[in-house]
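Printed here is structure-v2.cif (mmCIF, C-alpha atoms):
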```cif
data_model
#
loop_
_atom_site.group_PDB
_atom_site.id
_atom_site.type_symbol
_atom_site.label_atom_id
_atom_site.label_comp_id
_atom_site.auth_asym_id
_atom_site.auth_seq_id
_atom_site.Cartn_x
_atom_site.Cartn_y
_atom_site.Cartn_z
ATOM 1 C CA MET S 70 4.453 71.573 48.265
ATOM 2 C CA GLU S 71 4.484 75.297 47.508
ATOM 3 C CA LEU S 72 8.276 75.598 47.750
ATOM 4 C CA ALA S 73 9.008 73.766 44.483
ATOM 5 C CA GLN S 74 6.497 76.012 42.704
ATOM 6 C CA ALA S 75 7.924 79.181 44.287
ATOM 7 C CA LEU S 76 11.479 78.199 43.314
ATOM 8 C CA ARG S 77 10.336 77.071 39.844
ATOM 9 C CA LEU S 78 11.906 73.658 40.367
ATOM 10 C CA PRO S 79 10.954 71.032 37.817
ATOM 11 C CA PRO S 80 9.807 67.748 39.380
ATOM 12 C CA ASP S 81 13.115 66.023 38.553
ATOM 13 C CA ASP S 82 15.031 68.608 40.637
ATOM 14 C CA THR S 83 12.863 68.243 43.721
ATOM 15 C CA PRO S 84 14.534 66.543 46.713
ATOM 16 C CA GLN S 85 13.214 63.044 47.359
ATOM 17 C CA PRO S 86 11.533 61.854 50.561
ATOM 18 C CA PRO S 87 11.542 61.007 53.311
ATOM 19 C CA TYR S 88 11.335 64.653 54.234
ATOM 20 C CA LEU S 89 10.128 63.742 57.715
ATOM 21 C CA ARG S 90 10.938 60.977 60.163
ATOM 22 C CA CYS S 91 9.231 59.738 63.308
ATOM 23 C CA ALA S 92 8.942 56.613 65.410
ATOM 24 C CA PRO S 93 6.168 54.353 64.089
ATOM 25 C CA SER S 94 3.203 53.283 66.194
ATOM 26 C CA LEU S 95 3.149 49.579 66.952
ATOM 27 C CA LEU S 96 0.360 48.135 64.843
ATOM 28 C CA PRO S 97 -0.391 44.611 63.624
ATOM 29 C CA LYS S 98 1.415 43.628 60.423
ATOM 30 C CA GLY S 99 -0.689 44.345 57.355
ATOM 31 C CA THR S 100 -2.561 47.288 58.868
ATOM 32 C CA ILE S 101 -3.764 49.940 56.415
ATOM 33 C CA GLY S 102 -4.373 53.574 57.301
ATOM 34 C CA ILE S 103 -7.443 55.115 55.654
ATOM 35 C CA CYS S 104 -8.820 58.623 55.230
ATOM 36 C CA TRP S 105 -11.959 59.340 53.215
ATOM 37 C CA GLN S 106 -13.055 62.747 54.520
ATOM 38 C CA THR S 107 -11.691 66.217 53.869
ATOM 39 C CA GLY S 108 -12.089 69.691 55.254
ATOM 40 C CA ASP S 109 -15.231 71.674 54.562
ATOM 41 C CA TRP S 110 -13.695 73.871 51.868
ATOM 42 C CA ASP S 111 -13.846 71.174 49.142
ATOM 43 C CA PRO S 112 -16.371 68.437 49.912
ATOM 44 C CA ALA S 113 -15.938 67.012 46.377
ATOM 45 C CA ARG S 114 -12.682 65.436 47.628
ATOM 46 C CA ALA S 115 -14.527 63.333 50.225
ATOM 47 C CA ILE S 116 -15.752 59.787 49.631
ATOM 48 C CA PRO S 117 -19.073 58.643 51.125
ATOM 49 C CA GLU S 118 -18.483 56.381 54.124
ATOM 50 C CA VAL S 119 -20.722 53.718 52.603
ATOM 51 C CA LEU S 120 -18.220 53.311 49.734
ATOM 52 C CA MET S 121 -15.334 52.966 52.179
ATOM 53 C CA ARG S 122 -17.305 50.296 54.028
ATOM 54 C CA HIS S 123 -17.752 48.508 50.696
ATOM 55 C CA LEU S 124 -13.990 48.747 50.015
ATOM 56 C CA LEU S 125 -13.144 47.212 53.383
ATOM 57 C CA THR S 126 -15.691 44.439 52.899
ATOM 58 C CA VAL S 127 -14.876 43.393 49.344
ATOM 59 C CA SER S 128 -11.126 43.537 49.936
ATOM 60 C CA GLY S 129 -11.354 41.525 53.157
ATOM 61 C CA ARG S 130 -9.796 44.383 55.171
ATOM 62 C CA SER S 131 -12.601 44.845 57.725
ATOM 63 C CA GLY S 132 -11.067 45.205 61.174
ATOM 64 C CA ARG S 133 -7.540 45.417 59.746
ATOM 65 C CA CYS S 134 -7.428 49.173 59.145
ATOM 66 C CA VAL S 135 -6.986 52.320 61.204
ATOM 67 C CA THR S 136 -8.498 55.654 60.403
ATOM 68 C CA ILE S 137 -5.959 58.454 60.188
ATOM 69 C CA GLN S 138 -8.600 61.184 60.349
ATOM 70 C CA PRO S 139 -9.573 62.613 63.741
ATOM 71 C CA VAL S 140 -13.298 61.850 63.642
ATOM 72 C CA PRO S 141 -15.258 58.891 65.005
ATOM 73 C CA THR S 142 -16.570 56.359 62.512
ATOM 74 C CA THR S 143 -18.874 53.365 62.350
ATOM 75 C CA LEU S 144 -16.506 51.630 59.912
ATOM 76 C CA PRO S 145 -14.978 48.333 61.105
ATOM 77 C CA VAL S 146 -11.544 49.783 61.981
ATOM 78 C CA LEU S 147 -9.146 49.250 64.882
ATOM 79 C CA ASN S 148 -9.693 52.806 66.164
ATOM 80 C CA PRO S 149 -13.377 53.743 65.659
ATOM 81 C CA HIS S 150 -12.881 56.823 67.861
ATOM 82 C CA GLY S 151 -10.597 58.319 65.171
ATOM 83 C CA ALA S 152 -6.956 59.349 65.044
ATOM 84 C CA PRO S 153 -5.357 61.816 67.443
ATOM 85 C CA VAL S 154 -5.627 65.492 66.552
ATOM 86 C CA ASP S 155 -1.907 65.922 67.292
ATOM 87 C CA ILE S 156 0.055 65.895 64.024
ATOM 88 C CA MET S 157 3.076 64.075 65.486
ATOM 89 C CA GLN S 158 0.863 61.290 66.846
ATOM 90 C CA THR S 159 -0.844 61.051 63.470
ATOM 91 C CA ALA S 160 2.560 60.911 61.742
ATOM 92 C CA SER S 161 3.531 58.076 64.083
ATOM 93 C CA LEU S 162 0.304 56.258 63.194
ATOM 94 C CA ILE S 163 1.010 56.706 59.467
ATOM 95 C CA ALA S 164 4.613 55.537 59.927
ATOM 96 C CA GLY S 165 3.296 52.354 61.558
ATOM 97 C CA VAL S 166 0.945 51.197 58.788
ATOM 98 C CA ASP S 167 1.925 49.141 55.761
ATOM 99 C CA LEU S 168 -0.159 51.227 53.337
ATOM 100 C CA VAL S 169 -2.084 54.510 53.431
ATOM 101 C CA ILE S 170 -5.233 54.908 51.338
ATOM 102 C CA THR S 171 -6.393 58.514 51.419
ATOM 103 C CA VAL S 172 -8.186 61.268 49.591
ATOM 104 C CA ASP S 173 -6.394 64.552 48.878
ATOM 105 C CA THR S 174 -5.747 65.917 52.366
ATOM 106 C CA LEU S 175 -2.895 66.881 54.654
ATOM 107 C CA PHE S 176 -2.602 63.166 55.430
ATOM 108 C CA ALA S 177 -1.680 62.387 51.803
ATOM 109 C CA HIS S 178 1.189 64.865 52.006
ATOM 110 C CA LEU S 179 2.208 63.611 55.446
ATOM 111 C CA ALA S 180 2.291 59.992 54.221
ATOM 112 C CA GLY S 181 4.244 61.000 51.118
ATOM 113 C CA SER S 182 6.692 63.054 53.193
ATOM 114 C CA LEU S 183 7.276 60.019 55.416
ATOM 115 C CA ASN S 184 7.813 57.966 52.245
ATOM 116 C CA ARG S 185 5.091 55.499 53.216
ATOM 117 C CA PRO S 186 3.379 53.469 50.484
ATOM 118 C CA THR S 187 0.338 55.602 49.706
ATOM 119 C CA TRP S 188 -2.627 55.250 47.399
ATOM 120 C CA LEU S 189 -4.146 58.643 46.694
ATOM 121 C CA LEU S 190 -7.794 58.803 45.623
ATOM 122 C CA LEU S 191 -8.404 61.949 43.570
ATOM 123 C CA LYS S 192 -11.478 63.727 42.319
ATOM 124 C CA HIS S 193 -11.756 64.229 38.563
ATOM 125 C CA ASP S 194 -10.495 67.839 38.500
ATOM 126 C CA ALA S 195 -7.700 67.408 41.013
ATOM 127 C CA ASP S 196 -5.337 70.039 42.387
ATOM 128 C CA TRP S 197 -2.372 71.069 40.179
ATOM 129 C CA ARG S 198 0.102 69.272 42.457
ATOM 130 C CA TRP S 199 -1.065 65.922 41.140
ATOM 131 C CA MET S 200 -0.622 66.904 37.496
ATOM 132 C CA LYS S 201 -2.829 65.426 34.805
ATOM 133 C CA ASP S 202 -2.954 61.886 33.518
ATOM 134 C CA ARG S 203 -0.363 60.541 35.959
ATOM 135 C CA SER S 204 -0.653 57.602 38.303
ATOM 136 C CA ASP S 205 2.443 58.649 40.245
ATOM 137 C CA SER S 206 3.893 61.743 41.897
ATOM 138 C CA PRO S 207 7.385 63.104 41.305
ATOM 139 C CA TRP S 208 7.315 64.591 44.828
ATOM 140 C CA TYR S 209 6.295 61.354 46.517
ATOM 141 C CA PRO S 210 7.729 58.275 44.733
ATOM 142 C CA SER S 211 5.949 55.907 47.148
ATOM 143 C CA MET S 212 2.555 57.229 45.994
ATOM 144 C CA ARG S 213 0.164 55.681 43.497
ATOM 145 C CA ILE S 214 -2.722 57.799 42.216
ATOM 146 C CA PHE S 215 -6.269 56.593 41.494
ATOM 147 C CA ARG S 216 -8.399 59.216 39.701
ATOM 148 C CA GLN S 217 -12.115 59.585 39.148
ATOM 149 C CA PRO S 218 -12.838 58.836 35.464
ATOM 150 C CA ALA S 219 -15.717 61.342 35.582
ATOM 151 C CA PRO S 220 -16.749 64.025 38.084
ATOM 152 C CA GLY S 221 -18.268 62.468 41.208
ATOM 153 C CA ASP S 222 -17.495 58.858 40.189
ATOM 154 C CA TRP S 223 -16.080 57.489 43.422
ATOM 155 C CA GLN S 224 -17.599 54.056 42.730
ATOM 156 C CA GLN S 225 -15.110 53.366 39.933
ATOM 157 C CA VAL S 226 -12.199 54.597 42.074
ATOM 158 C CA ILE S 227 -13.247 52.301 44.927
ATOM 159 C CA ALA S 228 -13.637 49.371 42.513
ATOM 160 C CA ASP S 229 -10.115 49.985 41.140
ATOM 161 C CA VAL S 230 -8.623 50.289 44.631
ATOM 162 C CA ALA S 231 -10.430 47.140 45.810
ATOM 163 C CA ARG S 232 -9.119 45.190 42.837
ATOM 164 C CA HIS S 233 -5.531 46.333 43.446
ATOM 165 C CA LEU S 234 -5.815 45.817 47.200
ATOM 166 C CA THR S 235 -7.065 42.279 46.745
ATOM 167 C CA ALA S 236 -4.181 41.584 44.340
ATOM 168 C CA VAL S 237 -1.451 42.761 46.747
ATOM 169 C CA CYS S 238 -2.838 41.343 49.989
#
```

Starting from the coordinates I provided, produce the structure as structure tokens.
Amino acid sequence: MELAQALRLPPDDTPQPPYLRCAPSLLPKGTIGICWQTGDWDPARAIPEVLMRHLLTVSGRSGRCVTIQPVPTTLPVLNPHGAPVDIMQTASLIAGVDLVITVDTLFAHLAGSLNRPTWLLLKHDADWRWMKDRSDSPWYPSMRIFRQPAPGDWQQVIADVARHLTAVC
């Protein structure tokens, strides 16, 4: 993501994904990969687990998702122990899901680089890479962006994602 900035490439001149390729994990059809936590350096990007539980419940996705983050969870997912720490295994997991729903982490970039359908959940004052007032990304055409309408308002983001998820599934 820094290369386009360093070369001063406008978004329209940026090569299109997939930038990466890997063999997909074998997962049941309709499986969604989810990530709601981030590193410690910006906890405002993380979504409370209780809201993710609500998303899975109201959208009818309980038990039909895998976590792509390497931490155990109590959420009703296929892999409650978490994803592998190995980046290639995680890429394979992402390549095997039908949709990735993630906050702004390495996994968002990995999913976009693999050209997987990705819904990115962003905090109100998101990183420059995601530009302002856009629901798409010129770097990752398979990505749809859901933004907080106000700082800290993850409830509205989850409600929007649940509504869209219910409509497509």

Kindly list the centre and edge lengths in Å, rounded to one decimal, for the axis-aligned box that covers all listed atoms of region 113-126 of chain S plus 3 Å on each of its six sides, as AutoDock Vina command-line options.
```
--center_x -16.7 --center_y 55.7 --center_z 50.3 --size_x 14.0 --size_y 28.6 --size_z 13.7
```

- Query: On this structure, which residues satisfy the PyMOL selection byres ((chain S and resi 171-185) around 7), written as a ChimeraX atom specification?
  - Reply: /S:86-90,103-105,107,114-115,160,163-164,168-170,186-191,209,211-212

- Message: Selection in question (the file shown): the PyMOL selection byres ((chain S and resi 217) around 7). Which residues does it include, as a list in words?
- Response: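 Checked against the file, the PyMOL selection byres ((chain S and resi 217) around 7) matches Leu191, Lys192, His193, Phe215, Arg216, Pro218, Ala219, Pro220, Asp222, Trp223, Gln225 and Val226 of chain S.
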
- Message: Report, in Å with one decimal, the straight-line distance from CA of Ile156 (chain S) to CA of Ile227 (chain S).
- Response: 27.0 Å

- Item | Selection result for the PyMOL selection byres ((chain S and resi 149) around 12) on this file, as a PyMOL selection string | chain S and resi 103+131-148+150-153

- Go through S:Trp199, S:Leu234, S:Asp167, S:Leu162 and flag the residue nearest Ala92 (chain S), using all atoms listed in the file for the distances.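 Smallest separation from Ala92 (chain S) among the options: S:Leu162.
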
- Work out how far apart CA of Lys201 (chain S) and CA of Ser128 (chain S) are and give it in Å to one decimal. 27.9 Å

- Query: How far is it from CA of Val119 (chain S) to CA of Arg203 (chain S), in Å with one decimal?
  - Reply: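 Separation of CA of Val119 (chain S) and CA of Arg203 (chain S): 27.2 Å.
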
- Using all atoms listed in the file, find the one residue out of S:Ala195, S:Leu95, S:Val166, S:Leu125 that sits nearest to Gly221 (chain S). S:Ala195

Residue rebuild result region 163-179 of chain S, N, CA and C atoms as an mmCIF file, in the frame of the given file:
```cif
data_model
loop_
_atom_site.group_PDB
_atom_site.id
_atom_site.type_symbol
_atom_site.label_atom_id
_atom_site.label_comp_id
_atom_site.auth_asym_id
_atom_site.auth_seq_id
_atom_site.Cartn_x
_atom_site.Cartn_y
_atom_site.Cartn_z
ATOM 1 N N ILE S 163 0.750 56.923 60.894
ATOM 2 C CA ILE S 163 1.010 56.706 59.467
ATOM 3 C C ILE S 163 2.305 55.916 59.276
ATOM 4 N N ALA S 164 3.335 56.240 60.046
ATOM 5 C CA ALA S 164 4.613 55.537 59.927
ATOM 6 C C ALA S 164 4.488 54.065 60.318
ATOM 7 N N GLY S 165 3.462 53.722 61.093
ATOM 8 C CA GLY S 165 3.296 52.354 61.558
ATOM 9 C C GLY S 165 2.437 51.464 60.683
ATOM 10 N N VAL S 166 1.787 52.026 59.663
ATOM 11 C CA VAL S 166 0.945 51.197 58.788
ATOM 12 C C VAL S 166 1.739 50.731 57.576
ATOM 13 N N ASP S 167 1.256 49.677 56.945
ATOM 14 C CA ASP S 167 1.925 49.141 55.761
ATOM 15 C C ASP S 167 1.535 49.885 54.485
ATOM 16 N N LEU S 168 0.352 50.513 54.500
ATOM 17 C CA LEU S 168 -0.159 51.227 53.337
ATOM 18 C C LEU S 168 -1.125 52.293 53.823
ATOM 19 N N VAL S 169 -1.109 53.444 53.172
ATOM 20 C CA VAL S 169 -2.084 54.510 53.431
ATOM 21 C C VAL S 169 -2.960 54.642 52.196
ATOM 22 N N ILE S 170 -4.271 54.642 52.406
ATOM 23 C CA ILE S 170 -5.233 54.908 51.338
ATOM 24 C C ILE S 170 -5.989 56.162 51.763
ATOM 25 N N THR S 171 -5.840 57.234 50.995
ATOM 26 C CA THR S 171 -6.393 58.514 51.419
ATOM 27 C C THR S 171 -6.862 59.361 50.246
ATOM 28 N N VAL S 172 -7.808 60.232 50.544
ATOM 29 C CA VAL S 172 -8.186 61.268 49.591
ATOM 30 C C VAL S 172 -7.177 62.403 49.721
ATOM 31 N N ASP S 173 -7.332 63.426 48.919
ATOM 32 C CA ASP S 173 -6.394 64.552 48.878
ATOM 33 C C ASP S 173 -6.560 65.431 50.116
ATOM 34 N N THR S 174 -5.731 65.174 51.110
ATOM 35 C CA THR S 174 -5.747 65.917 52.366
ATOM 36 C C THR S 174 -4.315 66.103 52.849
ATOM 37 N N LEU S 175 -4.187 66.758 53.977
ATOM 38 C CA LEU S 175 -2.895 66.881 54.654
ATOM 39 C C LEU S 175 -2.283 65.503 54.871
ATOM 40 N N PHE S 176 -3.112 64.502 55.140
ATOM 41 C CA PHE S 176 -2.602 63.166 55.430
ATOM 42 C C PHE S 176 -1.916 62.540 54.216
ATOM 43 N N ALA S 177 -2.360 62.875 53.012
ATOM 44 C CA ALA S 177 -1.680 62.387 51.803
ATOM 45 C C ALA S 177 -0.261 62.948 51.746
ATOM 46 N N HIS S 178 -0.130 64.233 52.020
ATOM 47 C CA HIS S 178 1.189 64.865 52.006
ATOM 48 C C HIS S 178 2.061 64.347 53.149
ATOM 49 N N LEU S 179 1.460 64.133 54.306
ATOM 50 C CA LEU S 179 2.208 63.611 55.446
ATOM 51 C C LEU S 179 2.727 62.202 55.137
#
```
